[in-house]
Amino acid sequence: MEYKYANNDNYEDFSSGRVLYHGSGMTNFPVRLAQEIFGRCLQHSPKKNDICLYDCCCGGGYLLTVLGFLNQGTIGKIIGSDISMELLNTAKKNLALLGKQGMDKRIAEIEQMIESYKKQSHIDAKKSAITLKGLIRTNIEFEVFQSDALKDIALKAKPDIIVTDVPYGNLVDWTRNEENVINRLLDVLHGICHCDTVIGLCMNKKQKVKNERFIRLEKQQVGKRRFEILKIS
Ligand SMILES: C[S@@+](CC[C@H](N)C(=O)[O-])C[C@H]1O[C@@H](n2cnc3c(N)ncnc32)[C@H](O)[C@@H]1O
């Protein structure tokens with residue numbers, strides 16, 4: 001796949017556990033790919049700024065937080081939900097880093113670790129935190145709540161872009177083992193989309209999108225991952 005919206009930069013400042021918090025059970029997502037999927041969704045969206053971004057399987061909020069840092073001035077609001085309350089606590093902490101106060105708190109925490117353990121990794125983390133703080137230009141509102149994405153989702157605002165990396169493999173449990181779980185998810189998402197909402201759905205090769213309520217705008221395979229960009233038909 002040719003990357004059109006994400007440079008081949010060094011994204012180590014975003015490494016999970018460095019400045020962004022890593023909770024147990026959290027999966028990793030490549031930063032460049034996240035930015036590329038968001039960029040493609042934005043290209044299909046008639047709305048170009050003050051975007052309300054939603055992830056219905058947000059886990060520890062890694063994907064959302066990274067996108068918040070990289071799309072300052074484009075994203076106005078971030079909403080995340082997940083079935084796991086424990087991961088949502090990490091998501092709240094990660095999304096708080098998008099504010100200068102939250103990042104200052106994290107820098108103080110890292111300084112405390114430097115003081116206690118005198119480790120190079122903590123010194124590097126402080127440098128990354130200062131770099132990430134330098135990216136903050138706007139105040140992105142955020143909200144997280146617990147919700148099963150296969151049941152109705154009580155979302156107050158209709159999102160402009162949904163980017164989500166659904167559970168797959170042995171790492172995470174897609175708690176119900178329904179025949180066509182992606183189809184069920186899309187039925188639920190249909191209820192919370194407006195007519196121009198663009199969805200970037202990331203899954204593995206085995207998971208198939210077959211839902212007549214949506215049209216496919218793009219489809220790409222990147223290593224083990226596959227993503228599709230969809231909108232309401
Ligand atoms: C591949 S991970 C996504 C990780 C996330 N993008 C991040 O940045 O941390 C899939 C997530 O789906 C969640 N999940 C599993 N079943 C779910 C369900 N029925 N409804 C909502 N979330 C679910 C898991 O708890 C897990 O956090």
# chains A, B, ... in the order shown; residues from 1 in each chain; ligands from 1
call {"tool": "residues_near_ligand", "arguments": {"ligand": "ligand 1", "cutoff": "7 Å", "atoms": "only C-alpha atoms and all ligand atoms", "output": "ChimeraX atom specification"}}
result
/A:26-29,56-64,81-84,87,147-150,164-168,172-176
call {"tool": "write_last_selection", "arguments": {"atoms": "C-alpha atoms", "output": "PDB file, in the first residue's frame"}}
result
ATOM      1  CA  MET A  26      -3.670  -3.604  25.460  1.00  0.00           C
ATOM      2  CA  THR A  27      -2.692  -4.337  21.873  1.00  0.00           C
ATOM      3  CA  ASN A  28      -0.303  -2.276  19.749  1.00  0.00           C
ATOM      4  CA  PHE A  29      -1.274  -0.479  16.587  1.00  0.00           C
ATOM      5  CA  CYS A  56     -16.150   1.760  19.607  1.00  0.00           C
ATOM      6  CA  CYS A  57     -13.400  -0.695  20.679  1.00  0.00           C
ATOM      7  CA  CYS A  58     -10.975   1.895  22.038  1.00  0.00           C
ATOM      8  CA  GLY A  59      -9.220  -0.326  24.591  1.00  0.00           C
ATOM      9  CA  GLY A  60      -6.591   1.778  26.364  1.00  0.00           C
ATOM     10  CA  GLY A  61      -7.178   4.650  23.943  1.00  0.00           C
ATOM     11  CA  TYR A  62      -3.798   4.313  22.247  1.00  0.00           C
ATOM     12  CA  LEU A  63      -5.116   4.741  18.682  1.00  0.00           C
ATOM     13  CA  LEU A  64      -7.320   7.703  19.651  1.00  0.00           C
ATOM     14  CA  SER A  81     -15.932   3.156  24.303  1.00  0.00           C
ATOM     15  CA  ASP A  82     -14.934  -0.402  25.109  1.00  0.00           C
ATOM     16  CA  ILE A  83     -16.370  -3.374  26.921  1.00  0.00           C
ATOM     17  CA  SER A  84     -13.495  -3.442  29.429  1.00  0.00           C
ATOM     18  CA  LEU A  87      -8.889  -0.604  29.755  1.00  0.00           C
ATOM     19  CA  SER A 147     -20.361  -0.120  25.999  1.00  0.00           C
ATOM     20  CA  ASP A 148     -20.716  -3.410  24.185  1.00  0.00           C
ATOM     21  CA  ALA A 149     -20.225  -2.518  20.514  1.00  0.00           C
ATOM     22  CA  LEU A 150     -22.470  -5.409  19.517  1.00  0.00           C
ATOM     23  CA  THR A 164     -11.679   1.169  15.072  1.00  0.00           C
ATOM     24  CA  ASP A 165      -9.436  -1.863  15.329  1.00  0.00           C
ATOM     25  CA  VAL A 166     -11.782  -4.734  16.151  1.00  0.00           C
ATOM     26  CA  PRO A 167     -10.740  -7.689  18.325  1.00  0.00           C
ATOM     27  CA  TYR A 168      -9.079 -10.616  16.570  1.00  0.00           C
ATOM     28  CA  VAL A 172      -8.239 -10.106  22.582  1.00  0.00           C
ATOM     29  CA  ASP A 173     -11.603 -11.686  23.057  1.00  0.00           C
ATOM     30  CA  TRP A 174     -14.408 -10.673  20.729  1.00  0.00           C
ATOM     31  CA  THR A 175     -16.640 -11.680  23.601  1.00  0.00           C
ATOM     32  CA  ARG A 176     -19.521 -13.013  21.546  1.00  0.00           C
TER      33      ARG A 176
END
call {"tool": "select_by_dssp", "arguments": {"residues": "region 54-199 of chain A", "states": "alpha helix (DSSP H)", "output": "PyMOL selection string"}}
result
chain A and resi 62-70+85-96+100-117+120-135+181-190
call {"tool": "residues_around", "arguments": {"residues": "Asp50 (chain A)", "least_positions_apart": "3", "cutoff": "8 Å", "atoms": "only C-alpha atoms", "output": "number ranges by chain"}}
result
A: 47, 73-77
call {"tool": "write_last_selection", "arguments": {"atoms": "N, CA, C and O atoms", "output": "short mmCIF file (atom, residue, chain, number, x, y, z; two decimals), in the first residue's frame"}}
result
data_model
loop_
_atom_site.label_atom_id
_atom_site.label_comp_id
_atom_site.auth_asym_id
_atom_site.auth_seq_id
_atom_site.Cartn_x
_atom_site.Cartn_y
_atom_site.Cartn_z
N LYS A 47 -16.65 17.11 5.89
CA LYS A 47 -16.23 18.00 6.99
C LYS A 47 -14.73 17.82 7.20
O LYS A 47 -14.26 16.68 7.27
N GLY A 73 -6.01 20.58 15.43
CA GLY A 73 -6.59 21.55 14.48
C GLY A 73 -7.60 20.88 13.55
O GLY A 73 -8.36 21.56 12.89
N THR A 74 -7.59 19.56 13.49
CA THR A 74 -8.57 18.84 12.65
C THR A 74 -9.61 18.16 13.54
O THR A 74 -10.81 18.21 13.27
N ILE A 75 -9.12 17.53 14.61
CA ILE A 75 -10.04 16.83 15.53
C ILE A 75 -10.49 17.79 16.64
O ILE A 75 -9.66 18.43 17.28
N GLY A 76 -11.81 17.87 16.83
CA GLY A 76 -12.34 18.74 17.88
C GLY A 76 -12.77 17.96 19.10
O GLY A 76 -12.73 18.44 20.22
N LYS A 77 -13.19 16.69 18.86
CA LYS A 77 -13.71 15.90 19.97
C LYS A 77 -13.37 14.43 19.75
O LYS A 77 -13.44 13.94 18.61
#
call {"tool": "closest_residue", "arguments": {"among": "A:Gly68, A:Met1, A:His122, A:Ser233", "to": "Gln221 (chain A)", "atoms": "only C-alpha atoms"}}
result
A:Met1
call {"tool": "residues_around", "arguments": {"residues": "Glu111 (chain A)", "least_positions_apart": "6", "cutoff": "12 Å", "atoms": "only C-alpha atoms", "output": "MDAnalysis selection string"}}
result
chainID A and resid 19 104:105 117:127 129:130
call {"tool": "write_last_selection", "arguments": {"atoms": "all heavy atoms", "output": "compact mmCIF listing (two decimals), in the first residue's frame"}}
result
# COMPACT_ATOMS: atom_id res chain seq x y z
N VAL A 19 5.54 7.36 27.05
CA VAL A 19 4.79 8.48 27.63
C VAL A 19 3.32 8.03 27.73
O VAL A 19 2.69 8.13 28.78
CB VAL A 19 4.91 9.74 26.75
CG1 VAL A 19 4.13 10.89 27.39
CG2 VAL A 19 6.37 10.12 26.53
N ASP A 104 1.73 17.73 31.75
CA ASP A 104 2.61 18.19 32.84
C ASP A 104 2.60 17.19 34.00
O ASP A 104 3.63 16.92 34.61
CB ASP A 104 2.16 19.58 33.34
CG ASP A 104 2.61 20.68 32.38
OD1 ASP A 104 3.56 20.44 31.59
OD2 ASP A 104 2.01 21.77 32.40
N LYS A 105 1.43 16.64 34.25
CA LYS A 105 1.30 15.66 35.33
C LYS A 105 2.14 14.42 35.00
O LYS A 105 2.82 13.86 35.84
CB LYS A 105 -0.19 15.28 35.46
CG LYS A 105 -0.57 14.80 36.83
CD LYS A 105 -2.06 14.65 36.95
CE LYS A 105 -2.36 13.40 37.75
NZ LYS A 105 -3.55 12.71 37.36
N TYR A 117 14.85 5.71 39.91
CA TYR A 117 15.52 4.55 39.28
C TYR A 117 16.75 4.92 38.45
O TYR A 117 17.50 4.04 38.05
CB TYR A 117 14.52 3.79 38.38
CG TYR A 117 13.27 3.37 39.11
CD1 TYR A 117 12.05 3.98 38.86
CD2 TYR A 117 13.32 2.36 40.07
CE1 TYR A 117 10.90 3.61 39.53
CE2 TYR A 117 12.17 1.98 40.76
CZ TYR A 117 10.98 2.60 40.48
OH TYR A 117 9.85 2.24 41.16
N LYS A 118 16.92 6.19 38.13
CA LYS A 118 18.08 6.66 37.35
C LYS A 118 18.29 5.83 36.08
O LYS A 118 19.39 5.37 35.78
CB LYS A 118 19.35 6.66 38.21
CG LYS A 118 19.14 7.42 39.49
CD LYS A 118 20.36 7.90 40.16
CE LYS A 118 20.10 8.89 41.28
NZ LYS A 118 18.83 8.86 41.97
N LYS A 119 17.20 5.61 35.35
CA LYS A 119 17.28 4.79 34.13
C LYS A 119 17.25 5.68 32.89
O LYS A 119 16.48 6.64 32.83
CB LYS A 119 16.07 3.86 34.06
CG LYS A 119 16.22 2.58 34.85
CD LYS A 119 15.03 1.74 34.49
CE LYS A 119 15.10 0.31 34.93
NZ LYS A 119 13.87 -0.38 34.57
N GLN A 120 18.04 5.28 31.86
CA GLN A 120 18.07 6.02 30.60
C GLN A 120 16.67 6.04 29.95
O GLN A 120 16.26 7.04 29.36
CB GLN A 120 19.10 5.38 29.64
CG GLN A 120 19.30 6.12 28.34
CD GLN A 120 19.77 7.57 28.52
OE1 GLN A 120 20.62 7.85 29.37
NE2 GLN A 120 19.19 8.49 27.76
N SER A 121 15.94 4.91 30.08
CA SER A 121 14.62 4.83 29.43
C SER A 121 13.68 5.92 29.96
O SER A 121 12.86 6.46 29.22
CB SER A 121 14.00 3.45 29.63
OG SER A 121 13.86 3.18 30.99
N HIS A 122 13.82 6.26 31.24
CA HIS A 122 12.96 7.31 31.80
C HIS A 122 13.40 8.70 31.32
O HIS A 122 12.57 9.58 31.08
CB HIS A 122 12.94 7.24 33.33
CG HIS A 122 12.30 5.97 33.83
ND1 HIS A 122 12.79 5.25 34.89
CD2 HIS A 122 11.21 5.29 33.38
CE1 HIS A 122 12.02 4.18 35.09
NE2 HIS A 122 11.06 4.19 34.18
N ILE A 123 14.73 8.86 31.15
CA ILE A 123 15.24 10.14 30.62
C ILE A 123 14.72 10.32 29.18
O ILE A 123 14.27 11.39 28.80
CB ILE A 123 16.79 10.18 30.69
CG1 ILE A 123 17.23 10.13 32.17
CG2 ILE A 123 17.38 11.40 29.98
CD1 ILE A 123 18.70 9.89 32.41
N ASP A 124 14.77 9.23 28.40
CA ASP A 124 14.25 9.28 27.01
C ASP A 124 12.74 9.56 27.01
O ASP A 124 12.24 10.30 26.16
CB ASP A 124 14.50 7.94 26.30
CG ASP A 124 15.98 7.67 26.11
OD1 ASP A 124 16.78 8.63 26.20
OD2 ASP A 124 16.37 6.50 25.90
N ALA A 125 12.04 8.97 27.97
CA ALA A 125 10.58 9.18 28.05
C ALA A 125 10.28 10.65 28.33
O ALA A 125 9.33 11.22 27.78
CB ALA A 125 9.98 8.30 29.14
N LYS A 126 11.09 11.27 29.18
CA LYS A 126 10.86 12.70 29.48
C LYS A 126 11.04 13.54 28.21
O LYS A 126 10.22 14.43 27.92
CB LYS A 126 11.81 13.18 30.59
CG LYS A 126 11.52 14.61 30.99
CD LYS A 126 12.39 15.13 32.10
CE LYS A 126 12.16 16.63 32.27
NZ LYS A 126 13.07 17.21 33.26
N LYS A 127 12.08 13.21 27.43
CA LYS A 127 12.31 13.95 26.16
C LYS A 127 11.09 13.79 25.25
O LYS A 127 10.62 14.74 24.63
CB LYS A 127 13.54 13.38 25.44
CG LYS A 127 14.83 14.02 25.87
CD LYS A 127 15.96 13.63 24.91
CE LYS A 127 17.25 13.44 25.69
NZ LYS A 127 18.14 12.43 25.18
N ALA A 129 8.05 13.12 26.12
CA ALA A 129 6.88 13.82 26.70
C ALA A 129 6.96 15.31 26.35
O ALA A 129 5.94 15.92 26.01
CB ALA A 129 6.85 13.63 28.22
N ILE A 130 8.16 15.87 26.39
CA ILE A 130 8.32 17.29 26.06
C ILE A 130 8.01 17.51 24.57
O ILE A 130 7.34 18.46 24.18
CB ILE A 130 9.73 17.80 26.46
CG1 ILE A 130 9.82 17.80 27.99
CG2 ILE A 130 10.03 19.18 25.88
CD1 ILE A 130 11.22 17.94 28.56
call {"tool": "atom_distance", "arguments": {"atom1": "CA of Ala157 (chain A)", "atom2": "CA of Tyr54 (chain A)"}}
result
9.8 Å
call {"tool": "residues_around", "arguments": {"residues": "Asn7 (chain A)", "least_positions_apart": "4", "cutoff": "12 Å", "atoms": "only C-alpha atoms", "output": "PyMOL selection string"}}
result
chain A and resi 2-3+11+31-36+39+70
call {"tool": "write_last_selection", "arguments": {"atoms": "C-alpha atoms", "output": "tab-separated table (two decimals), in the first residue's frame"}}
result
chain	number	residue	atom	x	y	z
A	2	GLU	CA	1.22	3.45	-0.83
A	3	TYR	CA	1.05	5.77	2.19
A	11	TYR	CA	7.18	7.53	15.81
A	31	VAL	CA	1.16	4.79	14.38
A	32	ARG	CA	1.81	5.36	10.68
A	33	LEU	CA	-1.03	3.04	9.71
A	34	ALA	CA	-3.41	4.72	12.18
A	35	GLN	CA	-2.61	8.12	10.67
A	36	GLU	CA	-3.01	6.78	7.12
A	39	GLY	CA	-6.17	10.60	6.56
A	70	LEU	CA	-1.15	14.04	15.04
call {"tool": "closest_residue", "arguments": {"among": "A:Cys193, A:Val66, A:Ile37, A:Val181", "to": "Tyr21 (chain A)", "atoms": "only C-alpha atoms"}}
result
A:Val66
call {"tool": "decode", "arguments": {"residues": "region 135-147 of chain A", "atoms": "N, CA and C atoms", "output": "PDB file, in the first residue's frame"}}
result
ATOM      1  N   LEU A 135       3.469  19.373  20.615  1.00  0.00           N
ATOM      2  CA  LEU A 135       2.498  19.186  19.521  1.00  0.00           C
ATOM      3  C   LEU A 135       1.121  19.755  19.877  1.00  0.00           C
ATOM      4  N   ILE A 136       0.888  19.960  21.178  1.00  0.00           N
ATOM      5  CA  ILE A 136      -0.460  20.374  21.618  1.00  0.00           C
ATOM      6  C   ILE A 136      -0.739  21.821  21.220  1.00  0.00           C
ATOM      7  N   ARG A 137      -1.736  21.997  20.361  1.00  0.00           N
ATOM      8  CA  ARG A 137      -2.110  23.341  19.888  1.00  0.00           C
ATOM      9  C   ARG A 137      -3.542  23.695  20.288  1.00  0.00           C
ATOM     10  N   THR A 138      -4.363  22.657  20.443  1.00  0.00           N
ATOM     11  CA  THR A 138      -5.775  22.930  20.743  1.00  0.00           C
ATOM     12  C   THR A 138      -6.224  22.055  21.914  1.00  0.00           C
ATOM     13  N   ASN A 139      -7.390  22.387  22.391  1.00  0.00           N
ATOM     14  CA  ASN A 139      -7.930  21.623  23.506  1.00  0.00           C
ATOM     15  C   ASN A 139      -8.957  20.636  22.955  1.00  0.00           C
ATOM     16  N   ILE A 140      -8.552  19.391  22.793  1.00  0.00           N
ATOM     17  CA  ILE A 140      -9.488  18.391  22.255  1.00  0.00           C
ATOM     18  C   ILE A 140     -10.327  17.836  23.411  1.00  0.00           C
ATOM     19  N   GLU A 141     -11.613  17.992  23.282  1.00  0.00           N
ATOM     20  CA  GLU A 141     -12.536  17.438  24.288  1.00  0.00           C
ATOM     21  C   GLU A 141     -12.520  15.926  24.186  1.00  0.00           C
ATOM     22  N   PHE A 142     -12.662  15.222  25.285  1.00  0.00           N
ATOM     23  CA  PHE A 142     -12.789  13.762  25.151  1.00  0.00           C
ATOM     24  C   PHE A 142     -13.773  13.176  26.149  1.00  0.00           C
ATOM     25  N   GLU A 143     -14.236  11.990  25.811  1.00  0.00           N
ATOM     26  CA  GLU A 143     -15.233  11.306  26.631  1.00  0.00           C
ATOM     27  C   GLU A 143     -15.038   9.811  26.436  1.00  0.00           C
ATOM     28  N   VAL A 144     -15.056   9.034  27.504  1.00  0.00           N
ATOM     29  CA  VAL A 144     -15.010   7.574  27.334  1.00  0.00           C
ATOM     30  C   VAL A 144     -16.125   6.945  28.164  1.00  0.00           C
ATOM     31  N   PHE A 145     -16.647   5.855  27.677  1.00  0.00           N
ATOM     32  CA  PHE A 145     -17.696   5.164  28.425  1.00  0.00           C
ATOM     33  C   PHE A 145     -17.712   3.678  28.065  1.00  0.00           C
ATOM     34  N   GLN A 146     -18.263   2.903  28.974  1.00  0.00           N
ATOM     35  CA  GLN A 146     -18.307   1.453  28.751  1.00  0.00           C
ATOM     36  C   GLN A 146     -19.506   1.106  27.875  1.00  0.00           C
ATOM     37  N   SER A 147     -19.257   0.296  26.856  1.00  0.00           N
ATOM     38  CA  SER A 147     -20.361  -0.120  25.999  1.00  0.00           C
ATOM     39  C   SER A 147     -19.963  -1.362  25.207  1.00  0.00           C
TER      40      SER A 147
END
